[in-house]
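**Q** What follows is the file target-v6.cif, containing mmCIF, C-alpha atoms:
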data_protein
#
loop_
_atom_site.group_PDB
_atom_site.id
_atom_site.type_symbol
_atom_site.label_atom_id
_atom_site.label_comp_id
_atom_site.auth_asym_id
_atom_site.auth_seq_id
_atom_site.Cartn_x
_atom_site.Cartn_y
_atom_site.Cartn_z
ATOM 1 C CA MET A 187 135.846 207.472 14.915
ATOM 2 C CA ALA A 188 134.047 209.059 11.982
ATOM 3 C CA ALA A 189 130.526 209.271 10.621
ATOM 4 C CA ASN A 190 128.906 209.590 7.211
ATOM 5 C CA GLY A 191 129.617 212.900 5.497
ATOM 6 C CA ASN A 192 133.241 213.081 6.606
ATOM 7 C CA PRO A 193 136.058 213.400 4.023
ATOM 8 C CA THR A 194 136.424 210.939 1.186
ATOM 9 C CA VAL A 195 137.197 207.351 2.024
ATOM 10 C CA ARG A 196 140.509 207.304 0.170
ATOM 11 C CA ARG A 197 141.652 210.507 1.859
ATOM 12 C CA ARG A 198 140.859 209.110 5.311
ATOM 13 C CA ARG A 199 142.564 205.830 4.570
ATOM 14 C CA LEU A 200 145.625 207.569 3.165
ATOM 15 C CA GLY A 201 145.817 209.822 6.211
ATOM 16 C CA ALA A 202 145.537 206.880 8.586
ATOM 17 C CA GLU A 203 148.340 205.047 6.787
ATOM 18 C CA LEU A 204 150.607 208.122 6.808
ATOM 19 C CA ARG A 205 149.997 208.510 10.530
ATOM 20 C CA ARG A 206 150.895 204.861 11.097
ATOM 21 C CA LEU A 207 154.132 205.292 9.129
ATOM 22 C CA ARG A 208 155.015 208.456 11.056
ATOM 23 C CA LEU A 209 154.532 206.715 14.390
ATOM 24 C CA ALA A 210 156.508 203.703 13.179
ATOM 25 C CA GLY A 211 159.316 206.111 12.296
ATOM 26 C CA GLY A 212 159.280 207.538 15.817
ATOM 27 C CA LEU A 213 158.393 211.076 14.721
ATOM 28 C CA THR A 214 155.928 213.552 16.201
ATOM 29 C CA SER A 215 153.684 215.685 14.028
ATOM 30 C CA ARG A 216 155.608 218.747 15.256
ATOM 31 C CA GLN A 217 158.914 217.262 14.086
ATOM 32 C CA VAL A 218 157.455 216.494 10.680
ATOM 33 C CA ALA A 219 156.011 219.987 10.382
ATOM 34 C CA GLU A 220 159.330 221.580 11.273
ATOM 35 C CA HIS A 221 161.202 219.431 8.777
ATOM 36 C CA LEU A 222 158.798 220.286 5.943
ATOM 37 C CA LEU A 223 158.481 223.951 7.001
ATOM 38 C CA ILE A 224 154.693 223.744 7.361
ATOM 39 C CA SER A 225 152.317 224.125 10.296
ATOM 40 C CA GLN A 226 151.587 221.288 12.691
ATOM 41 C CA PRO A 227 147.792 221.608 12.145
ATOM 42 C CA LYS A 228 148.367 220.869 8.441
ATOM 43 C CA ILE A 229 149.949 217.539 9.346
ATOM 44 C CA SER A 230 146.995 216.752 11.610
ATOM 45 C CA HIS A 231 144.528 217.660 8.865
ATOM 46 C CA LEU A 232 146.356 215.443 6.377
ATOM 47 C CA GLU A 233 146.314 212.497 8.773
ATOM 48 C CA ASN A 234 142.639 213.000 9.657
ATOM 49 C CA GLY A 235 141.653 213.120 5.996
ATOM 50 C CA ARG A 236 140.424 216.695 6.233
ATOM 51 C CA ARG A 237 142.857 217.972 3.634
ATOM 52 C CA ALA A 238 143.991 216.644 0.265
ATOM 53 C CA ILE A 239 147.628 215.760 -0.256
ATOM 54 C CA LYS A 240 149.623 215.739 -3.477
ATOM 55 C CA PRO A 241 151.453 212.606 -4.623
ATOM 56 C CA ARG A 242 154.849 214.316 -4.403
ATOM 57 C CA ASP A 243 154.133 215.268 -0.777
ATOM 58 C CA VAL A 244 153.318 211.623 -0.060
ATOM 59 C CA ARG A 245 156.653 210.666 -1.630
ATOM 60 C CA ASP A 246 158.498 213.196 0.535
ATOM 61 C CA LEU A 247 156.774 211.992 3.704
ATOM 62 C CA CYS A 248 157.605 208.379 2.900
ATOM 63 C CA GLY A 249 161.243 209.388 2.510
ATOM 64 C CA LEU A 250 161.187 211.181 5.843
ATOM 65 C CA TYR A 251 159.558 208.170 7.520
ATOM 66 C CA GLY A 252 162.160 205.796 6.165
ATOM 67 C CA VAL A 253 159.851 203.826 3.872
ATOM 68 C CA THR A 254 162.114 201.874 1.524
ATOM 69 C CA ASP A 255 159.547 199.608 -0.151
ATOM 70 C CA GLN A 256 158.830 201.321 -3.474
ATOM 71 C CA GLN A 257 155.603 199.359 -3.907
ATOM 72 C CA VAL A 258 154.281 200.904 -0.694
ATOM 73 C CA VAL A 259 155.314 204.380 -1.817
ATOM 74 C CA ASP A 260 153.732 203.920 -5.263
ATOM 75 C CA SER A 261 150.526 202.583 -3.715
ATOM 76 C CA LEU A 262 150.184 205.585 -1.400
ATOM 77 C CA MET A 263 150.978 208.035 -4.208
ATOM 78 C CA ARG A 264 148.336 206.393 -6.369
ATOM 79 C CA MET A 265 145.847 206.695 -3.510
ATOM 80 C CA ALA A 266 146.653 210.419 -3.281
ATOM 81 C CA THR A 267 145.950 210.788 -7.007
ATOM 82 C CA GLU A 268 142.543 209.143 -6.610
ATOM 83 C CA THR A 269 141.337 210.917 -3.457
ATOM 84 C CA ASP A 270 138.906 213.172 -5.313
ATOM 85 C CA ARG A 271 137.531 210.555 -7.691
ATOM 86 C CA GLN A 272 133.815 209.961 -7.232
ATOM 87 C CA GLY A 273 132.428 206.461 -6.852
ATOM 88 C CA TRP A 274 129.665 204.967 -9.012
ATOM 89 C CA TRP A 275 127.094 205.564 -6.268
ATOM 90 C CA ALA A 276 127.422 209.358 -6.651
ATOM 91 C CA ALA A 277 125.168 209.117 -9.713
ATOM 92 C CA CYS A 278 122.396 207.669 -7.505
ATOM 93 C CA GLY A 279 122.019 210.872 -5.511
ATOM 94 C CA GLU A 280 122.188 211.042 -1.734
ATOM 95 C CA VAL A 281 123.077 207.670 -0.227
ATOM 96 C CA PRO A 282 123.202 207.697 3.612
ATOM 97 C CA TYR A 283 125.948 205.085 3.894
ATOM 98 C CA SER A 284 128.120 206.248 0.975
ATOM 99 C CA ALA A 285 131.265 206.243 3.117
ATOM 100 C CA TYR A 286 130.801 202.553 3.821
ATOM 101 C CA ILE A 287 130.200 201.755 0.143
ATOM 102 C CA GLY A 288 133.522 203.417 -0.626
ATOM 103 C CA LEU A 289 135.272 201.217 1.912
ATOM 104 C CA GLU A 290 133.454 198.108 0.705
ATOM 105 C CA THR A 291 134.391 198.822 -2.908
ATOM 106 C CA GLU A 292 138.094 199.013 -2.110
ATOM 107 C CA ALA A 293 138.286 196.271 0.524
ATOM 108 C CA CYS A 294 139.948 192.955 -0.283
ATOM 109 C CA SER A 295 138.147 191.141 2.534
ATOM 110 C CA ILE A 296 135.249 191.699 4.920
ATOM 111 C CA ARG A 297 134.449 189.782 8.095
ATOM 112 C CA SER A 298 130.873 190.477 9.146
ATOM 113 C CA TYR A 299 128.638 189.519 12.058
ATOM 114 C CA GLU A 300 124.891 189.937 11.487
ATOM 115 C CA PRO A 301 122.425 189.204 14.306
ATOM 116 C CA LEU A 302 119.109 190.185 12.706
ATOM 117 C CA VAL A 303 119.003 190.036 8.893
ATOM 118 C CA ILE A 304 120.899 188.524 5.968
ATOM 119 C CA PRO A 305 123.764 190.878 4.957
ATOM 120 C CA GLY A 306 123.125 193.180 2.002
ATOM 121 C CA LEU A 307 125.769 191.562 -0.191
ATOM 122 C CA LEU A 308 123.961 188.210 0.114
ATOM 123 C CA GLN A 309 120.348 189.365 -0.264
ATOM 124 C CA THR A 310 117.985 188.483 -3.096
ATOM 125 C CA PRO A 311 116.217 191.436 -4.792
ATOM 126 C CA ALA A 312 112.863 190.530 -3.194
ATOM 127 C CA TYR A 313 114.357 190.127 0.288
ATOM 128 C CA ALA A 314 116.352 193.357 -0.098
ATOM 129 C CA ARG A 315 113.245 195.320 -1.074
ATOM 130 C CA ALA A 316 111.304 193.904 1.875
ATOM 131 C CA VAL A 317 114.093 194.782 4.310
ATOM 132 C CA ILE A 318 114.259 198.348 3.021
ATOM 133 C CA GLU A 319 110.490 198.836 3.031
ATOM 134 C CA GLU A 320 109.961 197.352 6.470
ATOM 135 C CA THR A 321 112.900 198.940 8.305
ATOM 136 C CA ILE A 322 112.585 202.518 6.999
ATOM 137 C CA PRO A 323 108.943 203.465 7.601
ATOM 138 C CA LEU A 324 109.332 207.081 6.419
ATOM 139 C CA ALA A 325 111.075 206.235 3.148
ATOM 140 C CA THR A 326 109.399 207.393 -0.059
ATOM 141 C CA THR A 327 108.881 205.137 -3.057
ATOM 142 C CA GLU A 328 111.746 206.903 -4.804
ATOM 143 C CA GLN A 329 114.073 206.460 -1.830
ATOM 144 C CA ILE A 330 113.236 202.766 -1.601
ATOM 145 C CA ALA A 331 113.957 202.313 -5.303
ATOM 146 C CA THR A 332 117.288 204.151 -4.991
ATOM 147 C CA ARG A 333 118.402 202.112 -1.995
ATOM 148 C CA LEU A 334 117.446 198.882 -3.735
ATOM 149 C CA THR A 335 119.374 199.860 -6.867
ATOM 150 C CA VAL A 336 122.455 200.728 -4.816
ATOM 151 C CA ARG A 337 122.254 197.539 -2.745
ATOM 152 C CA LEU A 338 122.050 195.292 -5.796
ATOM 153 C CA ARG A 339 124.877 197.194 -7.507
ATOM 154 C CA ARG A 340 127.036 196.729 -4.382
ATOM 155 C CA GLN A 341 126.741 192.972 -4.863
ATOM 156 C CA HIS A 342 128.821 193.203 -8.054
ATOM 157 C CA ARG A 343 131.860 193.841 -5.848
ATOM 158 C CA ALA A 344 131.400 190.507 -4.082
ATOM 159 C CA HIS A 345 131.776 188.650 -7.385
ATOM 160 C CA HIS A 346 134.285 190.807 -9.252
ATOM 161 C CA PRO A 347 135.884 188.482 -11.852
ATOM 162 C CA ALA A 348 139.387 189.902 -11.401
ATOM 163 C CA ARG A 349 139.392 190.420 -7.636
ATOM 164 C CA PRO A 350 136.429 188.774 -5.876
ATOM 165 C CA LEU A 351 135.817 190.048 -2.378
ATOM 166 C CA ARG A 352 136.796 187.594 0.365
ATOM 167 C CA LEU A 353 133.631 187.612 2.444
ATOM 168 C CA TRP A 354 133.229 185.788 5.746
ATOM 169 C CA VAL A 355 129.834 186.064 7.450
ATOM 170 C CA VAL A 356 128.733 184.810 10.856
ATOM 171 C CA LEU A 357 124.927 184.841 11.049
ATOM 172 C CA ASP A 358 122.912 184.589 14.200
ATOM 173 C CA GLU A 359 120.129 182.016 13.931
ATOM 174 C CA SER A 360 117.598 184.839 14.393
ATOM 175 C CA ALA A 361 118.471 186.147 10.919
ATOM 176 C CA LEU A 362 117.355 182.814 9.467
ATOM 177 C CA ARG A 363 114.181 182.497 11.533
ATOM 178 C CA ARG A 364 112.919 186.058 11.032
ATOM 179 C CA VAL A 365 110.451 185.975 8.119
ATOM 180 C CA VAL A 366 111.092 188.998 5.913
ATOM 181 C CA GLY A 367 108.689 189.652 3.043
ATOM 182 C CA GLY A 368 106.747 186.417 3.483
ATOM 183 C CA PRO A 369 107.507 182.671 3.493
ATOM 184 C CA GLU A 370 108.254 182.323 -0.221
ATOM 185 C CA ILE A 371 110.661 185.271 -0.267
ATOM 186 C CA MET A 372 112.334 183.865 2.824
ATOM 187 C CA ARG A 373 112.665 180.383 1.337
ATOM 188 C CA GLU A 374 114.203 181.839 -1.821
ATOM 189 C CA GLN A 375 116.582 183.899 0.299
ATOM 190 C CA LEU A 376 117.804 180.902 2.289
ATOM 191 C CA GLU A 377 118.407 178.904 -0.892
ATOM 192 C CA HIS A 378 120.333 181.857 -2.342
ATOM 193 C CA LEU A 379 122.354 182.156 0.857
ATOM 194 C CA ASN A 380 123.387 178.514 0.656
ATOM 195 C CA HIS A 381 124.299 178.873 -3.011
ATOM 196 C CA LEU A 382 126.560 181.850 -2.312
ATOM 197 C CA GLY A 383 128.047 180.137 0.722
ATOM 198 C CA GLY A 384 129.305 177.432 -1.609
ATOM 199 C CA GLN A 385 131.420 179.928 -3.575
ATOM 200 C CA PRO A 386 135.173 179.650 -2.859
ATOM 201 C CA HIS A 387 135.484 183.304 -1.794
ATOM 202 C CA ILE A 388 132.407 183.357 0.478
ATOM 203 C CA THR A 389 132.065 181.602 3.834
ATOM 204 C CA VAL A 390 128.855 181.528 5.874
ATOM 205 C CA GLN A 391 128.635 180.250 9.448
ATOM 206 C CA VAL A 392 125.527 180.062 11.622
ATOM 207 C CA LEU A 393 125.597 180.907 15.316
ATOM 208 C CA PRO A 394 122.749 178.854 16.879
ATOM 209 C CA HIS A 395 120.639 180.185 19.735
ATOM 210 C CA GLU A 396 121.846 177.337 21.918
ATOM 211 C CA VAL A 397 125.357 178.850 22.246
ATOM 212 C CA GLY A 398 123.884 181.411 24.636
ATOM 213 C CA ALA A 399 125.603 184.741 25.312
ATOM 214 C CA HIS A 400 128.547 185.567 23.050
ATOM 215 C CA PRO A 401 130.769 188.536 22.055
ATOM 216 C CA GLY A 402 128.315 189.633 19.347
ATOM 217 C CA VAL A 403 125.361 190.388 21.621
ATOM 218 C CA SER A 404 126.150 194.113 21.398
ATOM 219 C CA GLY A 405 125.153 194.155 17.728
ATOM 220 C CA GLN A 406 126.238 194.080 14.097
ATOM 221 C CA PHE A 407 129.794 194.883 13.043
ATOM 222 C CA SER A 408 132.066 194.394 10.050
ATOM 223 C CA ILE A 409 135.858 194.414 9.747
ATOM 224 C CA LEU A 410 137.238 195.564 6.402
ATOM 225 C CA ASP A 411 140.811 194.925 5.250
ATOM 226 C CA PHE A 412 142.648 196.489 2.305
ATOM 227 C CA ALA A 413 145.356 194.996 0.116
ATOM 228 C CA ASP A 414 147.190 198.300 -0.388
ATOM 229 C CA ALA A 415 147.245 199.104 3.349
ATOM 230 C CA PRO A 416 147.151 195.810 5.280
ATOM 231 C CA ALA A 417 147.787 197.535 8.620
ATOM 232 C CA ALA A 418 144.932 200.024 8.187
ATOM 233 C CA GLY A 419 141.774 197.982 8.666
ATOM 234 C CA THR A 420 138.433 199.565 9.543
ATOM 235 C CA VAL A 421 135.593 198.443 11.807
ATOM 236 C CA TYR A 422 132.117 199.473 10.656
ATOM 237 C CA LEU A 423 129.173 199.722 13.053
ATOM 238 C CA GLU A 424 125.828 200.324 11.340
ATOM 239 C CA ARG A 425 123.373 202.613 13.104
ATOM 240 C CA PHE A 426 119.938 203.914 12.054
ATOM 241 C CA THR A 427 120.745 207.629 11.745
ATOM 242 C CA SER A 428 124.554 207.601 11.547
ATOM 243 C CA ASP A 429 127.299 205.037 11.130
ATOM 244 C CA ILE A 430 130.498 204.604 13.128
ATOM 245 C CA TYR A 431 133.951 203.842 11.741
ATOM 246 C CA LEU A 432 136.772 202.712 14.023
ATOM 247 C CA GLU A 433 140.268 202.918 12.556
ATOM 248 C CA LYS A 434 142.615 202.783 15.563
ATOM 249 C CA ARG A 435 144.698 199.614 15.438
ATOM 250 C CA SER A 436 143.695 198.754 19.008
ATOM 251 C CA ASP A 437 139.985 198.971 18.096
ATOM 252 C CA VAL A 438 140.429 196.852 14.969
ATOM 253 C CA GLN A 439 142.372 194.287 16.990
ATOM 254 C CA HIS A 440 139.674 194.226 19.681
ATOM 255 C CA TYR A 441 136.942 193.472 17.161
ATOM 256 C CA SER A 442 139.154 190.945 15.365
ATOM 257 C CA VAL A 443 139.470 188.990 18.606
ATOM 258 C CA MET A 444 135.698 189.191 19.078
ATOM 259 C CA TYR A 445 135.217 187.837 15.561
ATOM 260 C CA ASP A 446 137.621 184.968 16.194
ATOM 261 C CA HIS A 447 135.489 183.952 19.180
ATOM 262 C CA LEU A 448 132.293 184.132 17.108
ATOM 263 C CA GLN A 449 133.810 181.957 14.383
ATOM 264 C CA ALA A 450 134.940 179.411 16.974
ATOM 265 C CA ARG A 451 131.473 179.152 18.557
ATOM 266 C CA ALA A 452 129.535 179.085 15.275
ATOM 267 C CA LEU A 453 128.773 175.937 13.281
ATOM 268 C CA ASN A 454 131.378 175.068 10.670
ATOM 269 C CA PRO A 455 130.492 175.986 7.045
ATOM 270 C CA ASP A 456 129.277 172.498 6.042
ATOM 271 C CA THR A 457 127.080 172.116 9.123
ATOM 272 C CA SER A 458 125.846 175.680 8.623
ATOM 273 C CA ARG A 459 124.672 174.861 5.088
ATOM 274 C CA ARG A 460 122.678 171.914 6.406
ATOM 275 C CA PHE A 461 121.245 174.110 9.171
ATOM 276 C CA ILE A 462 120.167 176.734 6.610
ATOM 277 C CA SER A 463 118.621 174.042 4.386
ATOM 278 C CA ARG A 464 116.587 172.707 7.312
ATOM 279 C CA ALA A 465 115.442 176.241 8.175
ATOM 280 C CA GLY A 466 114.257 176.719 4.603
ATOM 281 C CA THR A 467 112.442 173.368 4.569
ATOM 282 C CA GLN A 468 110.779 174.123 7.901
ATOM 283 C CA ARG A 469 109.682 177.520 6.644
ATOM 284 C CA LEU A 470 108.171 176.017 3.513
ATOM 285 C CA ALA A 471 106.371 173.325 5.521
ATOM 286 C CA ALA A 472 104.981 175.881 7.978
ATOM 287 C CA ALA A 473 103.755 178.092 5.139
ATOM 288 C CA SER A 474 101.786 175.211 3.636
ATOM 289 C CA LEU A 475 99.744 174.689 6.834
ATOM 290 C CA PRO A 476 96.444 176.594 6.976
ATOM 291 C CA GLY A 477 96.298 179.388 9.519
ATOM 292 C CA LEU A 478 100.060 179.584 10.080
ATOM 293 C CA PRO A 479 102.077 182.658 9.063
#
Please, can you express the file's structure as structure tokens?
**A**
Amino acid sequence: MAANGNPTVRRRRLGAELRRLRLAGGLTSRQVAEHLLISQPKISHLENGRRAIKPRDVRDLCGLYGVTDQQVVDSLMRMATETDRQGWWAACGEVPYSAYIGLETEACSIRSYEPLVIPGLLQTPAYARAVIEETIPLATTEQIATRLTVRLRRQHRAHHPARPLRLWVVLDESALRRVVGGPEIMREQLEHLNHLGGQPHITVQVLPHEVGAHPGVSGQFSILDFADAPAAGTVYLERFTSDIYLEKRSDVQHYSVMYDHLQARALNPDTSRRFISRAGTQRLAAASLPGLP
């Protein structure tokens, strides 16, 4: 488990993958340290992402672990080369959830459950600004502008022409009913949500209130998967002052099972689009009546 401010995303991911390969090879960190004539703490630091590793050291470790797939070796060596490269968001100054943006940028797919608001990658500019303004009461005008800029830039990843992000979202009905920014902004947001849900790489399902209690009642979570390390997924839990990242395979598997249950209990994508359309129509009708919010 790690929080914002920990080592770079690539370094952590590389370390987690090297640890997985070591365990698969049946070796202890002490055995590896003795073989390479280095200290055991150095191996631990490499696997925890606290220390950089050179590409040639990655190659040597892969040889020791019995990795014969050259594509895997090349991918890990390339990751080692890029561990100190800054992401685009560094130019925006201090961003509280920069570690997550790094993961999101490199992920090939994200499965997300959102109980309260529309996910950032699917928000309109007006809705995004309203969410930021209304959920961070102490934020300055400059901080709001920075967060909005970063959020809208993040959306480019979802529609990358060469490698569009495979995004699957399960939305609780509350996220559709909660009026953020006013009726018109909300109507526009629901129309935008339905438009994006029709894209081939984006799936949106609605979890109606009538399903009752379900595995997502504990709150928001996202599961991120990576093409260059398919066994090293990450679970992201968003919190107000600090975020949580779960990288143990057992944790990722646990949340994957939870997500499977949420998908099974949610409306299918076609029915969800009709549900969202009705919610937007109802919101527009309610807004046109005098005295109603």
**Q** Under the PyMOL selection byres ((chain A and resi 336-351) around 9), which residues of this model are included? Write them out as a PyMOL selection string.
**A** chain A and resi 275+278+281+287+290-296+306-311+314+331-335+352-353+387-388
**Q** Compare A:Arg208, A:His221, A:Arg237, A:Arg315 by their minimum atom-to-atom distance to Val366 (chain A), counting only C-alpha atoms, and give me the closest one.
**A**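 Closest to Val366 (chain A), using only C-alpha atoms: A:Arg315.
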**Q** Which protein, DNA or RNA residues have an atom at most 10 Å from (148.6, 212.4, 15.5), counting all atoms listed in the file? List them as a PDB file with C-alpha atoms, in the frame of the given file.
**A**
ATOM      1  CA  ALA A 202     145.537 206.880   8.586  1.00  0.00           C
ATOM      2  CA  LEU A 204     150.607 208.122   6.808  1.00  0.00           C
ATOM      3  CA  ARG A 205     149.997 208.510  10.530  1.00  0.00           C
ATOM      4  CA  ARG A 206     150.895 204.861  11.097  1.00  0.00           C
ATOM      5  CA  ARG A 208     155.015 208.456  11.056  1.00  0.00           C
ATOM      6  CA  LEU A 209     154.532 206.715  14.390  1.00  0.00           C
ATOM      7  CA  LEU A 213     158.393 211.076  14.721  1.00  0.00           C
ATOM      8  CA  THR A 214     155.928 213.552  16.201  1.00  0.00           C
ATOM      9  CA  SER A 215     153.684 215.685  14.028  1.00  0.00           C
ATOM     10  CA  ARG A 216     155.608 218.747  15.256  1.00  0.00           C
ATOM     11  CA  GLN A 226     151.587 221.288  12.691  1.00  0.00           C
ATOM     12  CA  PRO A 227     147.792 221.608  12.145  1.00  0.00           C
ATOM     13  CA  ILE A 229     149.949 217.539   9.346  1.00  0.00           C
ATOM     14  CA  SER A 230     146.995 216.752  11.610  1.00  0.00           C
ATOM     15  CA  HIS A 231     144.528 217.660   8.865  1.00  0.00           C
ATOM     16  CA  LEU A 232     146.356 215.443   6.377  1.00  0.00           C
ATOM     17  CA  GLU A 233     146.314 212.497   8.773  1.00  0.00           C
ATOM     18  CA  ASN A 234     142.639 213.000   9.657  1.00  0.00           C
TER      19      ASN A 234
END
**Q** Which of these, A:Val218, A:Leu376, A:Val258, A:Val303, has the shortest distance to Gln468 (chain A) once you count only C-alpha atoms?
**A**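 Among the listed residues, A:Leu376 lies closest to Gln468 (chain A).
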**Q** When you look at Gly367 (chain A) with a cut-off of 12 Å (counting all atoms listed in the file), what residues show up, excluding the ones that are within fewer than 6 positions of it in the same chain? I need them as a PyMOL selection string.
**A** chain A and resi 303+310-321+373-375+479
**Q** With C-alpha atoms retained, could you export that selection as a PDB file, keeping the file's coordinate frame?
**A**
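Result went into part-v6.pdb, see below:
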ATOM      1  CA  VAL A 303     119.003 190.036   8.893  1.00  0.00           C
ATOM      2  CA  THR A 310     117.985 188.483  -3.096  1.00  0.00           C
ATOM      3  CA  PRO A 311     116.217 191.436  -4.792  1.00  0.00           C
ATOM      4  CA  ALA A 312     112.863 190.530  -3.194  1.00  0.00           C
ATOM      5  CA  TYR A 313     114.357 190.127   0.288  1.00  0.00           C
ATOM      6  CA  ALA A 314     116.352 193.357  -0.098  1.00  0.00           C
ATOM      7  CA  ARG A 315     113.245 195.320  -1.074  1.00  0.00           C
ATOM      8  CA  ALA A 316     111.304 193.904   1.875  1.00  0.00           C
ATOM      9  CA  VAL A 317     114.093 194.782   4.310  1.00  0.00           C
ATOM     10  CA  ILE A 318     114.259 198.348   3.021  1.00  0.00           C
ATOM     11  CA  GLU A 319     110.490 198.836   3.031  1.00  0.00           C
ATOM     12  CA  GLU A 320     109.961 197.352   6.470  1.00  0.00           C
ATOM     13  CA  THR A 321     112.900 198.940   8.305  1.00  0.00           C
ATOM     14  CA  ARG A 373     112.665 180.383   1.337  1.00  0.00           C
ATOM     15  CA  GLU A 374     114.203 181.839  -1.821  1.00  0.00           C
ATOM     16  CA  GLN A 375     116.582 183.899   0.299  1.00  0.00           C
ATOM     17  CA  PRO A 479     102.077 182.658   9.063  1.00  0.00           C
TER      18      PRO A 479
END
**Q** Would you write out, as a PyMOL selection string, every residue that the PyMOL selection byres ((chain A and resi 432-440) around 6) captures in this file?
**A** chain A and resi 187+420-421+431+441-443
**Q** Could you please determine the separation between CA of Pro323 (chain A) and CA of Leu357 (chain A) in Å, to one decimal place?
**A**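 It comes out at 24.8 Å.
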**Q** List the spatial neighbours of Cys248 (chain A) as a list in words - criterion: any atom at most 10 Å away, all atoms listed in the file, same-chain residues fewer than 6 positions off excluded.
**A** Leu204, Leu207, Arg208, Gly211, Arg242, Thr254, Asp255, Gln256, Val258, Val259, Leu262 and Met263 of chain A
**Q** Once the PyMOL selection byres ((chain A and resi 389) around 9) has been applied to the shown file, what residues remain in the selection, as a PyMOL selection string?
**A** chain A and resi 352-356+382-388+390-391+455
**Q** Which of these residues is nearest to Pro369 (chain A), using all atoms listed in the file: A:Thr467, A:Thr267, A:Gln217, A:Ser458?
**A**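 Selected residue with least distance to Pro369 (chain A): A:Thr467.
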**Q** Interatomic distance between CA of Leu393 (chain A) and CA of Ser408 (chain A)?
**A**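 One can read the CA of Leu393 (chain A) to CA of Ser408 (chain A) distance as 15.9 Å.
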**Q** Counting all atoms listed in the file, which residues have an atom no more than 7 Å from (120.5, 190.2, 11.2) in the file's coordinates? Please list them as a list in words.
**A**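 Within 7 Å of (120.5, 190.2, 11.2), the protein and nucleic acid residues are Glu300, Pro301, Leu302, Val303, Ile304, Leu357, Asp358, Ser360 and Ala361 of chain A.
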**Q** Can you work out the spacing between CA of Tyr422 (chain A) and CA of Phe407 (chain A) in Å, to one decimal?
**A**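 These atoms are spaced 5.7 Å apart.
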**Q** Which residues come within 8 Å of Glu424 (chain A), counting only C-alpha atoms, excluding same-chain residues fewer than 5 positions away, as a list in words?
**A**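 Listed by chain and then number, they are Gln406, Phe407, Asp429 and Ile430 of chain A.
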**Q** Would you please work out which residue, of A:Leu289, A:Val397, A:Ala210, A:Met372, is nearest to Ala465 (chain A) when using all atoms listed in the file?
**A** A:Met372
**Q** Pick out the residues sitting within 9 Å of Met444 (chain A), and hand them over as a count of residues only; count only C-alpha atoms, and ignore anything fewer than 4 positions along from it in its own chain.
**A** 7
**Q** Between A:Gly201, A:Gly252, A:Gly212, A:Gly368, which residue has the minimum interatomic distance to Ala238 (chain A), considering only C-alpha atoms?
**A**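 Checking each candidate against Ala238 (chain A), we get A:Gly201 as the closest.
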